[in-house]
$ cat my_file_6.cif   # mmCIF, N, CA and C atoms
data_upload
loop_
_atom_site.label_atom_id
_atom_site.label_comp_id
_atom_site.auth_asym_id
_atom_site.auth_seq_id
_atom_site.Cartn_x
_atom_site.Cartn_y
_atom_site.Cartn_z
N MET L 1 160.44 57.87 159.62
CA MET L 1 159.61 58.85 158.94
C MET L 1 159.42 58.41 157.49
N ASN L 2 158.25 58.66 156.98
CA ASN L 2 157.90 58.27 155.62
C ASN L 2 158.72 59.10 154.61
N PRO L 3 159.37 58.45 153.61
CA PRO L 3 160.18 59.20 152.63
C PRO L 3 159.37 60.22 151.83
N ALA L 4 158.11 59.95 151.58
CA ALA L 4 157.29 60.90 150.82
C ALA L 4 157.06 62.17 151.62
N ILE L 5 156.80 62.04 152.90
CA ILE L 5 156.60 63.22 153.75
C ILE L 5 157.90 64.01 153.87
N LEU L 6 159.00 63.30 154.00
CA LEU L 6 160.30 63.96 154.08
C LEU L 6 160.61 64.73 152.80
N ALA L 7 160.29 64.15 151.65
CA ALA L 7 160.51 64.83 150.37
C ALA L 7 159.64 66.07 150.25
N VAL L 8 158.42 66.00 150.73
CA VAL L 8 157.51 67.15 150.67
C VAL L 8 158.04 68.29 151.54
N LEU L 9 158.75 67.97 152.60
CA LEU L 9 159.30 69.01 153.46
C LEU L 9 160.65 69.55 152.96
N VAL L 10 161.49 68.66 152.45
CA VAL L 10 162.86 69.05 152.10
C VAL L 10 162.94 69.75 150.75
N ILE L 11 162.21 69.29 149.75
CA ILE L 11 162.32 69.87 148.40
C ILE L 11 161.91 71.34 148.37
N PRO L 12 160.77 71.74 148.93
CA PRO L 12 160.45 73.18 148.93
C PRO L 12 161.46 74.02 149.72
N LEU L 13 161.96 73.46 150.81
CA LEU L 13 162.97 74.18 151.58
C LEU L 13 164.23 74.38 150.75
N GLY L 14 164.64 73.37 149.99
CA GLY L 14 165.81 73.50 149.12
C GLY L 14 165.62 74.52 148.03
N ILE L 15 164.42 74.57 147.46
CA ILE L 15 164.14 75.56 146.41
C ILE L 15 164.20 76.97 146.97
N VAL L 16 163.61 77.19 148.13
CA VAL L 16 163.62 78.52 148.75
C VAL L 16 165.05 78.92 149.12
N LEU L 17 165.81 78.00 149.66
CA LEU L 17 167.20 78.28 150.02
C LEU L 17 168.03 78.63 148.78
N ALA L 18 167.87 77.89 147.70
CA ALA L 18 168.60 78.18 146.46
C ALA L 18 168.23 79.56 145.93
N TYR L 19 166.95 79.92 145.99
CA TYR L 19 166.51 81.24 145.53
C TYR L 19 167.21 82.35 146.29
N PHE L 20 167.24 82.24 147.61
CA PHE L 20 167.86 83.30 148.40
C PHE L 20 169.38 83.32 148.26
N LEU L 21 170.00 82.18 148.05
CA LEU L 21 171.44 82.16 147.81
C LEU L 21 171.80 82.82 146.47
N ILE L 22 170.99 82.59 145.44
CA ILE L 22 171.23 83.23 144.15
C ILE L 22 171.04 84.73 144.25
N LYS L 23 170.00 85.18 144.96
CA LYS L 23 169.80 86.62 145.15
C LYS L 23 170.96 87.24 145.92
N TRP L 24 171.45 86.57 146.94
CA TRP L 24 172.56 87.09 147.74
C TRP L 24 173.83 87.20 146.88
N LYS L 25 174.10 86.17 146.07
CA LYS L 25 175.28 86.20 145.19
C LYS L 25 175.20 87.35 144.19
N TYR L 26 174.01 87.56 143.61
CA TYR L 26 173.83 88.65 142.66
C TYR L 26 174.04 90.01 143.33
N ARG L 27 173.50 90.18 144.53
CA ARG L 27 173.65 91.45 145.25
C ARG L 27 175.12 91.72 145.57
N LYS L 28 175.84 90.70 146.02
CA LYS L 28 177.26 90.87 146.32
C LYS L 28 178.07 91.18 145.06
N THR L 29 177.73 90.55 143.96
CA THR L 29 178.41 90.84 142.69
C THR L 29 178.20 92.29 142.30
N CYS L 30 176.97 92.77 142.39
CA CYS L 30 176.68 94.16 142.04
C CYS L 30 177.42 95.13 142.95
N GLU L 31 177.52 94.82 144.23
CA GLU L 31 178.27 95.68 145.16
C GLU L 31 179.74 95.76 144.76
N HIS L 32 180.35 94.65 144.41
CA HIS L 32 181.77 94.65 144.02
C HIS L 32 181.98 95.40 142.70
N VAL L 33 181.06 95.24 141.76
CA VAL L 33 181.19 95.93 140.48
C VAL L 33 181.06 97.44 140.68
N LEU L 34 180.09 97.88 141.47
CA LEU L 34 179.93 99.31 141.73
C LEU L 34 181.13 99.88 142.48
N ALA L 35 181.69 99.11 143.40
CA ALA L 35 182.89 99.57 144.11
C ALA L 35 184.07 99.73 143.15
N THR L 36 184.20 98.81 142.21
CA THR L 36 185.28 98.91 141.22
C THR L 36 185.08 100.13 140.33
N LEU L 37 183.84 100.38 139.92
CA LEU L 37 183.57 101.56 139.10
C LEU L 37 183.90 102.84 139.86
N GLN L 38 183.56 102.90 141.13
CA GLN L 38 183.87 104.09 141.94
C GLN L 38 185.37 104.27 142.12
N GLN L 39 186.12 103.18 142.26
CA GLN L 39 187.57 103.28 142.39
C GLN L 39 188.21 103.87 141.14
N HIS L 40 187.62 103.58 139.98
CA HIS L 40 188.16 104.09 138.72
C HIS L 40 187.54 105.44 138.35
N GLY L 41 186.63 105.94 139.16
CA GLY L 41 186.03 107.24 138.90
C GLY L 41 185.00 107.24 137.80
N VAL L 42 184.35 106.12 137.56
CA VAL L 42 183.35 106.01 136.50
C VAL L 42 181.98 105.86 137.16
N GLN L 43 181.03 106.65 136.69
CA GLN L 43 179.66 106.52 137.17
C GLN L 43 178.95 105.49 136.31
N GLY L 44 178.26 104.58 136.94
CA GLY L 44 177.52 103.56 136.21
C GLY L 44 176.35 103.08 137.04
N GLU L 45 175.41 102.44 136.38
CA GLU L 45 174.27 101.89 137.10
C GLU L 45 174.07 100.44 136.70
N ILE L 46 173.53 99.67 137.61
CA ILE L 46 173.28 98.26 137.38
C ILE L 46 171.93 98.09 136.70
N ILE L 47 171.91 97.31 135.64
CA ILE L 47 170.70 96.98 134.91
C ILE L 47 170.29 95.57 135.32
N PRO L 48 169.02 95.31 135.57
CA PRO L 48 168.61 93.95 135.96
C PRO L 48 168.97 92.92 134.90
N GLY L 49 169.44 91.78 135.35
CA GLY L 49 169.84 90.69 134.47
C GLY L 49 171.11 90.07 135.00
N PHE L 50 171.09 88.76 135.22
CA PHE L 50 172.25 88.14 135.83
C PHE L 50 172.86 87.03 134.99
N MET L 51 172.29 86.75 133.82
CA MET L 51 172.86 85.69 132.98
C MET L 51 173.32 86.29 131.65
N PRO L 52 174.62 86.26 131.40
CA PRO L 52 175.15 86.87 130.18
C PRO L 52 174.82 86.04 128.95
N PRO L 53 175.07 86.59 127.76
CA PRO L 53 174.87 85.81 126.54
C PRO L 53 175.79 84.58 126.51
N LEU L 54 175.43 83.63 125.70
CA LEU L 54 176.13 82.36 125.65
C LEU L 54 177.61 82.52 125.32
N ARG L 55 177.95 83.47 124.46
CA ARG L 55 179.35 83.64 124.06
C ARG L 55 180.24 84.02 125.25
N LEU L 56 179.67 84.73 126.24
CA LEU L 56 180.42 85.06 127.44
C LEU L 56 180.30 83.98 128.50
N TRP L 57 179.13 83.38 128.56
CA TRP L 57 178.87 82.41 129.60
C TRP L 57 179.67 81.14 129.44
N LEU L 58 180.12 80.83 128.23
CA LEU L 58 180.92 79.63 128.01
C LEU L 58 182.29 79.73 128.68
N HIS L 59 182.75 80.94 128.95
CA HIS L 59 184.03 81.14 129.63
C HIS L 59 183.86 81.28 131.13
N ASN L 60 182.66 80.97 131.61
CA ASN L 60 182.34 81.09 133.02
C ASN L 60 183.08 80.03 133.83
N ARG L 61 183.46 80.39 135.04
CA ARG L 61 184.03 79.44 135.98
C ARG L 61 183.11 79.35 137.19
N LYS L 62 183.27 78.28 137.92
CA LYS L 62 182.45 78.12 139.11
C LYS L 62 182.73 79.27 140.07
N GLY L 63 181.71 79.92 140.52
CA GLY L 63 181.85 81.02 141.46
C GLY L 63 181.84 82.39 140.83
N ASP L 64 181.83 82.49 139.50
CA ASP L 64 181.77 83.79 138.85
C ASP L 64 180.38 84.40 139.04
N GLY L 65 180.37 85.71 139.20
CA GLY L 65 179.11 86.43 139.28
C GLY L 65 179.02 87.42 138.12
N TRP L 66 177.82 87.60 137.58
CA TRP L 66 177.62 88.47 136.43
C TRP L 66 176.57 89.52 136.73
N CYS L 67 176.72 90.70 136.15
CA CYS L 67 175.67 91.72 136.18
C CYS L 67 175.88 92.65 134.98
N ARG L 68 174.82 93.34 134.60
CA ARG L 68 174.88 94.30 133.49
C ARG L 68 175.08 95.69 134.05
N VAL L 69 175.89 96.47 133.34
CA VAL L 69 176.21 97.83 133.77
C VAL L 69 175.95 98.79 132.62
N ARG L 70 175.29 99.89 132.91
CA ARG L 70 175.13 100.96 131.91
C ARG L 70 176.07 102.09 132.30
N LEU L 71 176.96 102.43 131.40
CA LEU L 71 177.94 103.49 131.63
C LEU L 71 177.33 104.84 131.27
N PRO L 72 177.96 105.95 131.68
CA PRO L 72 177.39 107.28 131.44
C PRO L 72 177.18 107.61 129.96
N ASP L 73 177.97 107.04 129.07
CA ASP L 73 177.81 107.34 127.64
C ASP L 73 176.73 106.48 127.00
N GLY L 74 176.00 105.69 127.78
CA GLY L 74 174.89 104.89 127.27
C GLY L 74 175.26 103.48 126.85
N VAL L 75 176.52 103.13 126.92
CA VAL L 75 176.97 101.79 126.55
C VAL L 75 176.63 100.81 127.67
N MET L 76 176.06 99.67 127.28
CA MET L 76 175.78 98.63 128.26
C MET L 76 176.81 97.52 128.12
N LYS L 77 177.40 97.12 129.25
CA LYS L 77 178.41 96.08 129.25
C LYS L 77 178.07 95.04 130.32
N TRP L 78 178.60 93.86 130.11
CA TRP L 78 178.48 92.81 131.12
C TRP L 78 179.72 92.86 131.99
N ALA L 79 179.54 92.73 133.29
CA ALA L 79 180.65 92.72 134.24
C ALA L 79 180.71 91.35 134.90
N ARG L 80 181.92 90.80 134.97
CA ARG L 80 182.12 89.51 135.63
C ARG L 80 182.98 89.74 136.87
N TYR L 81 182.47 89.28 138.00
CA TYR L 81 183.22 89.35 139.25
C TYR L 81 183.76 87.96 139.56
N ARG L 82 185.05 87.90 139.81
CA ARG L 82 185.71 86.63 140.11
C ARG L 82 186.63 86.83 141.30
N ASN L 83 186.53 85.96 142.28
CA ASN L 83 187.40 86.01 143.45
C ASN L 83 188.16 84.69 143.52
N THR L 84 189.46 84.73 143.20
CA THR L 84 190.26 83.52 143.20
C THR L 84 191.20 83.52 144.39
N LEU L 85 191.68 82.36 144.73
CA LEU L 85 192.52 82.20 145.90
C LEU L 85 193.86 82.92 145.76
N PHE L 86 194.49 82.84 144.60
CA PHE L 86 195.83 83.39 144.43
C PHE L 86 195.85 84.82 143.91
N SER L 87 194.91 85.18 143.04
CA SER L 87 194.96 86.54 142.49
C SER L 87 193.97 87.49 143.14
N GLY L 88 193.09 86.99 143.98
CA GLY L 88 192.16 87.86 144.68
C GLY L 88 190.97 88.26 143.80
N PRO L 89 190.19 89.21 144.29
CA PRO L 89 188.99 89.61 143.54
C PRO L 89 189.35 90.44 142.30
N SER L 90 188.57 90.23 141.25
CA SER L 90 188.77 91.01 140.03
C SER L 90 187.43 91.20 139.34
N VAL L 91 187.30 92.32 138.63
CA VAL L 91 186.11 92.62 137.85
C VAL L 91 186.55 92.89 136.42
N GLU L 92 185.91 92.21 135.48
CA GLU L 92 186.20 92.41 134.06
C GLU L 92 184.93 92.84 133.36
N PHE L 93 185.08 93.69 132.35
CA PHE L 93 183.94 94.18 131.60
C PHE L 93 184.00 93.66 130.16
N PHE L 94 182.84 93.25 129.65
CA PHE L 94 182.73 92.71 128.30
C PHE L 94 181.65 93.44 127.54
N ASP L 95 181.82 93.58 126.23
CA ASP L 95 180.80 94.23 125.39
C ASP L 95 179.65 93.31 125.14
#

$ encode --input "my_file_6.cif" --output "C-alpha cells"
Amino acid sequence: MNPAILAVLVIPLGIVLAYFLIKWKYRKTCEHVLATLQQHGVQGEIIPGFMPPLRLWLHNRKGDGWCRVRLPDGVMKWARYRNTLFSGPSVEFFD
C-alpha cells in the first residue's frame, strides 16, 4: 500500500481518536470531582475549562485530570483528580 494513502487514512483517524479520548478523560474527571463534593456535603458546579493556569499545570503528573468548580459562595477553584497505584484516587482543590 502506498505510504501517502496510508497517512491520509491514519492521521485523521488518530486525531478523531485523540479528541474522543480527551473528552472521555474530562468527563470522568468531572464525575469524580462531583462525587467528592457530594461526599463532603458541598454543592458545586463544573465550569467549562480543562487546562489550569501555568502555575498549577507545572505540578501536573501524567494521568492527572483537571476541571474548574464553582462553589456555592461564588468562589471558583481548580480541581485535580489523580489516581495512583498505591494511594488510590484523590481530588485536590486549588485557588

$ resolve_selection --input "my_file_6.cif" --expression "the PyMOL selection byres (((chain L and resi 34 and name CA) around 9) and name CA)" --output "ChimeraX atom specification"
/L:29-33,35-39,43-46,69

$ closest_residue --input "my_file_6.cif" --among "L:Phe20, L:Ala79, L:Arg70, L:Arg27" --to "Pro52 in chain L" --atoms "only N, CA and C atoms"
L:Ala79

$ residues_near_point --input "my_file_6.cif" --point "(181.9, 85.7, 138.1)" --cutoff "8 Å" --atoms "all atoms listed in the file" --output "PDB file with N, CA and C atoms, in the frame of the given file"
ATOM      1  N   THR L  29     177.730  90.550 143.960  1.00  0.00           N
ATOM      2  CA  THR L  29     178.410  90.840 142.690  1.00  0.00           C
ATOM      3  C   THR L  29     178.200  92.290 142.300  1.00  0.00           C
ATOM      4  N   ASN L  60     182.660  80.970 131.610  1.00  0.00           N
ATOM      5  CA  ASN L  60     182.340  81.090 133.020  1.00  0.00           C
ATOM      6  C   ASN L  60     183.080  80.030 133.830  1.00  0.00           C
ATOM      7  N   ARG L  61     183.460  80.390 135.040  1.00  0.00           N
ATOM      8  CA  ARG L  61     184.030  79.440 135.980  1.00  0.00           C
ATOM      9  C   ARG L  61     183.110  79.350 137.190  1.00  0.00           C
ATOM     10  N   LYS L  62     183.270  78.280 137.920  1.00  0.00           N
ATOM     11  CA  LYS L  62     182.450  78.120 139.110  1.00  0.00           C
ATOM     12  C   LYS L  62     182.730  79.270 140.070  1.00  0.00           C
ATOM     13  N   GLY L  63     181.710  79.920 140.520  1.00  0.00           N
ATOM     14  CA  GLY L  63     181.850  81.020 141.460  1.00  0.00           C
ATOM     15  C   GLY L  63     181.840  82.390 140.830  1.00  0.00           C
ATOM     16  N   ASP L  64     181.830  82.490 139.500  1.00  0.00           N
ATOM     17  CA  ASP L  64     181.770  83.790 138.850  1.00  0.00           C
ATOM     18  C   ASP L  64     180.380  84.400 139.040  1.00  0.00           C
ATOM     19  N   GLY L  65     180.370  85.710 139.200  1.00  0.00           N
ATOM     20  CA  GLY L  65     179.110  86.430 139.280  1.00  0.00           C
ATOM     21  C   GLY L  65     179.020  87.420 138.120  1.00  0.00           C
ATOM     22  N   TRP L  66     177.820  87.600 137.580  1.00  0.00           N
ATOM     23  CA  TRP L  66     177.620  88.470 136.430  1.00  0.00           C
ATOM     24  C   TRP L  66     176.570  89.520 136.730  1.00  0.00           C
ATOM     25  N   CYS L  67     176.720  90.700 136.150  1.00  0.00           N
ATOM     26  CA  CYS L  67     175.670  91.720 136.180  1.00  0.00           C
ATOM     27  C   CYS L  67     175.880  92.650 134.980  1.00  0.00           C
ATOM     28  N   ALA L  79     179.540  92.730 133.290  1.00  0.00           N
ATOM     29  CA  ALA L  79     180.650  92.720 134.240  1.00  0.00           C
ATOM     30  C   ALA L  79     180.710  91.350 134.900  1.00  0.00           C
ATOM     31  N   ARG L  80     181.920  90.800 134.970  1.00  0.00           N
ATOM     32  CA  ARG L  80     182.120  89.510 135.630  1.00  0.00           C
ATOM     33  C   ARG L  80     182.980  89.740 136.870  1.00  0.00           C
ATOM     34  N   TYR L  81     182.470  89.280 138.000  1.00  0.00           N
ATOM     35  CA  TYR L  81     183.220  89.350 139.250  1.00  0.00           C
ATOM     36  C   TYR L  81     183.760  87.960 139.560  1.00  0.00           C
ATOM     37  N   ARG L  82     185.050  87.900 139.810  1.00  0.00           N
ATOM     38  CA  ARG L  82     185.710  86.630 140.110  1.00  0.00           C
ATOM     39  C   ARG L  82     186.630  86.830 141.300  1.00  0.00           C
ATOM     40  N   ASN L  83     186.530  85.960 142.280  1.00  0.00           N
ATOM     41  CA  ASN L  83     187.400  86.010 143.450  1.00  0.00           C
ATOM     42  C   ASN L  83     188.160  84.690 143.520  1.00  0.00           C
ATOM     43  N   SER L  90     188.570  90.230 141.250  1.00  0.00           N
ATOM     44  CA  SER L  90     188.770  91.010 140.030  1.00  0.00           C
ATOM     45  C   SER L  90     187.430  91.200 139.340  1.00  0.00           C
TER      46      SER L  90
END

$ axis_aligned_box --input "my_file_6.cif" --around "range 68-84 of chain L" --padding-each-side "5 Å" --output "lines of an AutoDock Vina configuration file"
center_x = 183.0
center_y = 95.6
center_z = 135.5
size_x = 26.4
size_y = 34.1
size_z = 27.8

$ atom_distance --input "my_file_6.cif" --atom1 "atom C of Lys25 in chain L" --atom2 "CA of Phe86 in chain L"
21.0 Å

$ select_by_dssp --input "my_file_6.cif" --residues "chain L" --states "strand (DSSP E or B)" --output "list in words"
Glu45, Ile46, Ile47, Gly65, Trp66, Cys67, Arg68, Val69, Arg70, Met76, Lys77, Trp78, Ala79, Arg80, Tyr81, Arg82, Asn83, Thr84, Gly88, Pro89, Ser90, Val91, Glu92, Phe93 and Phe94 of chain L

$ atom_distance --input "my_file_6.cif" --atom1 "CA of Phe93 in chain L" --atom2 "CA of Leu56 in chain L"
10.6 Å

$ select_by_dssp --input "my_file_6.cif" --residues "chain L" --states "alpha helix (DSSP H)" --output "count of residues only"
41

$ residues_around --input "my_file_6.cif" --residues "Pro53 in chain L" --least-positions-apart "4" --cutoff "10 Å" --atoms "only C-alpha atoms" --output "list in words"
Trp57, Leu58 and Trp78 of chain L

$ decode --input "my_file_6.cif" --residues "range 29-69 of chain L" --atoms "N, CA and C atoms" --output "compact mmCIF listing (two decimals), in the first residue's frame"
# COMPACT_ATOMS: atom_id res chain seq x y z
N THR L 29 -13.13 12.86 34.93
CA THR L 29 -12.59 13.74 35.96
C THR L 29 -13.71 14.52 36.63
N CYS L 30 -14.61 15.08 35.84
CA CYS L 30 -15.73 15.84 36.41
C CYS L 30 -16.63 14.97 37.27
N GLU L 31 -16.85 13.73 36.85
CA GLU L 31 -17.66 12.81 37.66
C GLU L 31 -17.01 12.55 39.01
N HIS L 32 -15.71 12.32 39.04
CA HIS L 32 -15.02 12.06 40.30
C HIS L 32 -15.01 13.29 41.20
N VAL L 33 -14.84 14.47 40.62
CA VAL L 33 -14.83 15.70 41.41
C VAL L 33 -16.22 15.94 42.02
N LEU L 34 -17.27 15.77 41.24
CA LEU L 34 -18.62 15.96 41.77
C LEU L 34 -18.95 14.92 42.84
N ALA L 35 -18.48 13.69 42.67
CA ALA L 35 -18.70 12.67 43.70
C ALA L 35 -17.98 13.04 45.00
N THR L 36 -16.78 13.59 44.89
CA THR L 36 -16.05 14.01 46.08
C THR L 36 -16.76 15.17 46.77
N LEU L 37 -17.27 16.11 46.00
CA LEU L 37 -18.01 17.22 46.59
C LEU L 37 -19.26 16.72 47.31
N GLN L 38 -19.96 15.77 46.73
CA GLN L 38 -21.16 15.23 47.37
C GLN L 38 -20.82 14.47 48.64
N GLN L 39 -19.68 13.76 48.67
CA GLN L 39 -19.27 13.05 49.88
C GLN L 39 -19.00 14.01 51.03
N HIS L 40 -18.50 15.20 50.71
CA HIS L 40 -18.20 16.19 51.74
C HIS L 40 -19.39 17.10 52.02
N GLY L 41 -20.50 16.90 51.31
CA GLY L 41 -21.69 17.69 51.55
C GLY L 41 -21.63 19.10 51.00
N VAL L 42 -20.85 19.32 49.96
CA VAL L 42 -20.70 20.64 49.36
C VAL L 42 -21.37 20.62 47.99
N GLN L 43 -22.20 21.63 47.73
CA GLN L 43 -22.80 21.76 46.42
C GLN L 43 -21.87 22.57 45.54
N GLY L 44 -21.64 22.10 44.34
CA GLY L 44 -20.77 22.81 43.41
C GLY L 44 -21.16 22.47 41.99
N GLU L 45 -20.71 23.30 41.07
CA GLU L 45 -21.00 23.03 39.66
C GLU L 45 -19.71 23.12 38.87
N ILE L 46 -19.66 22.37 37.79
CA ILE L 46 -18.48 22.34 36.93
C ILE L 46 -18.58 23.47 35.92
N ILE L 47 -17.50 24.22 35.79
CA ILE L 47 -17.39 25.30 34.81
C ILE L 47 -16.54 24.77 33.65
N PRO L 48 -16.92 25.04 32.41
CA PRO L 48 -16.11 24.55 31.29
C PRO L 48 -14.68 25.08 31.34
N GLY L 49 -13.75 24.21 31.03
CA GLY L 49 -12.33 24.55 31.03
C GLY L 49 -11.55 23.40 31.61
N PHE L 50 -10.57 22.90 30.87
CA PHE L 50 -9.86 21.72 31.35
C PHE L 50 -8.36 21.93 31.50
N MET L 51 -7.87 23.12 31.20
CA MET L 51 -6.42 23.36 31.35
C MET L 51 -6.20 24.46 32.38
N PRO L 52 -5.57 24.12 33.50
CA PRO L 52 -5.38 25.10 34.56
C PRO L 52 -4.30 26.12 34.20
N PRO L 53 -4.17 27.18 35.00
CA PRO L 53 -3.10 28.14 34.75
C PRO L 53 -1.73 27.48 34.89
N LEU L 54 -0.74 28.11 34.33
CA LEU L 54 0.60 27.55 34.27
C LEU L 54 1.17 27.24 35.66
N ARG L 55 0.87 28.08 36.64
CA ARG L 55 1.43 27.86 37.98
C ARG L 55 0.96 26.54 38.59
N LEU L 56 -0.26 26.09 38.22
CA LEU L 56 -0.74 24.80 38.69
C LEU L 56 -0.33 23.67 37.76
N TRP L 57 -0.30 23.97 36.49
CA TRP L 57 -0.04 22.95 35.50
C TRP L 57 1.39 22.44 35.56
N LEU L 58 2.32 23.23 36.08
CA LEU L 58 3.70 22.79 36.19
C LEU L 58 3.87 21.64 37.18
N HIS L 59 2.93 21.50 38.10
CA HIS L 59 2.98 20.41 39.08
C HIS L 59 2.17 19.20 38.61
N ASN L 60 1.77 19.23 37.35
CA ASN L 60 0.97 18.16 36.77
C ASN L 60 1.79 16.89 36.63
N ARG L 61 1.14 15.76 36.81
CA ARG L 61 1.75 14.47 36.54
C ARG L 61 0.98 13.79 35.42
N LYS L 62 1.62 12.83 34.81
CA LYS L 62 0.95 12.10 33.75
C LYS L 62 -0.29 11.42 34.31
N GLY L 63 -1.41 11.62 33.68
CA GLY L 63 -2.65 11.00 34.11
C GLY L 63 -3.53 11.88 34.97
N ASP L 64 -3.06 13.07 35.35
CA ASP L 64 -3.90 13.97 36.14
C ASP L 64 -5.00 14.55 35.27
N GLY L 65 -6.16 14.73 35.88
CA GLY L 65 -7.27 15.37 35.19
C GLY L 65 -7.64 16.65 35.92
N TRP L 66 -8.03 17.68 35.18
CA TRP L 66 -8.34 18.98 35.76
C TRP L 66 -9.73 19.42 35.35
N CYS L 67 -10.42 20.13 36.23
CA CYS L 67 -11.66 20.81 35.88
C CYS L 67 -11.86 21.98 36.84
N ARG L 68 -12.68 22.93 36.42
CA ARG L 68 -12.99 24.10 37.26
C ARG L 68 -14.30 23.86 37.98
N VAL L 69 -14.34 24.32 39.23
CA VAL L 69 -15.52 24.13 40.06
C VAL L 69 -15.93 25.47 40.65
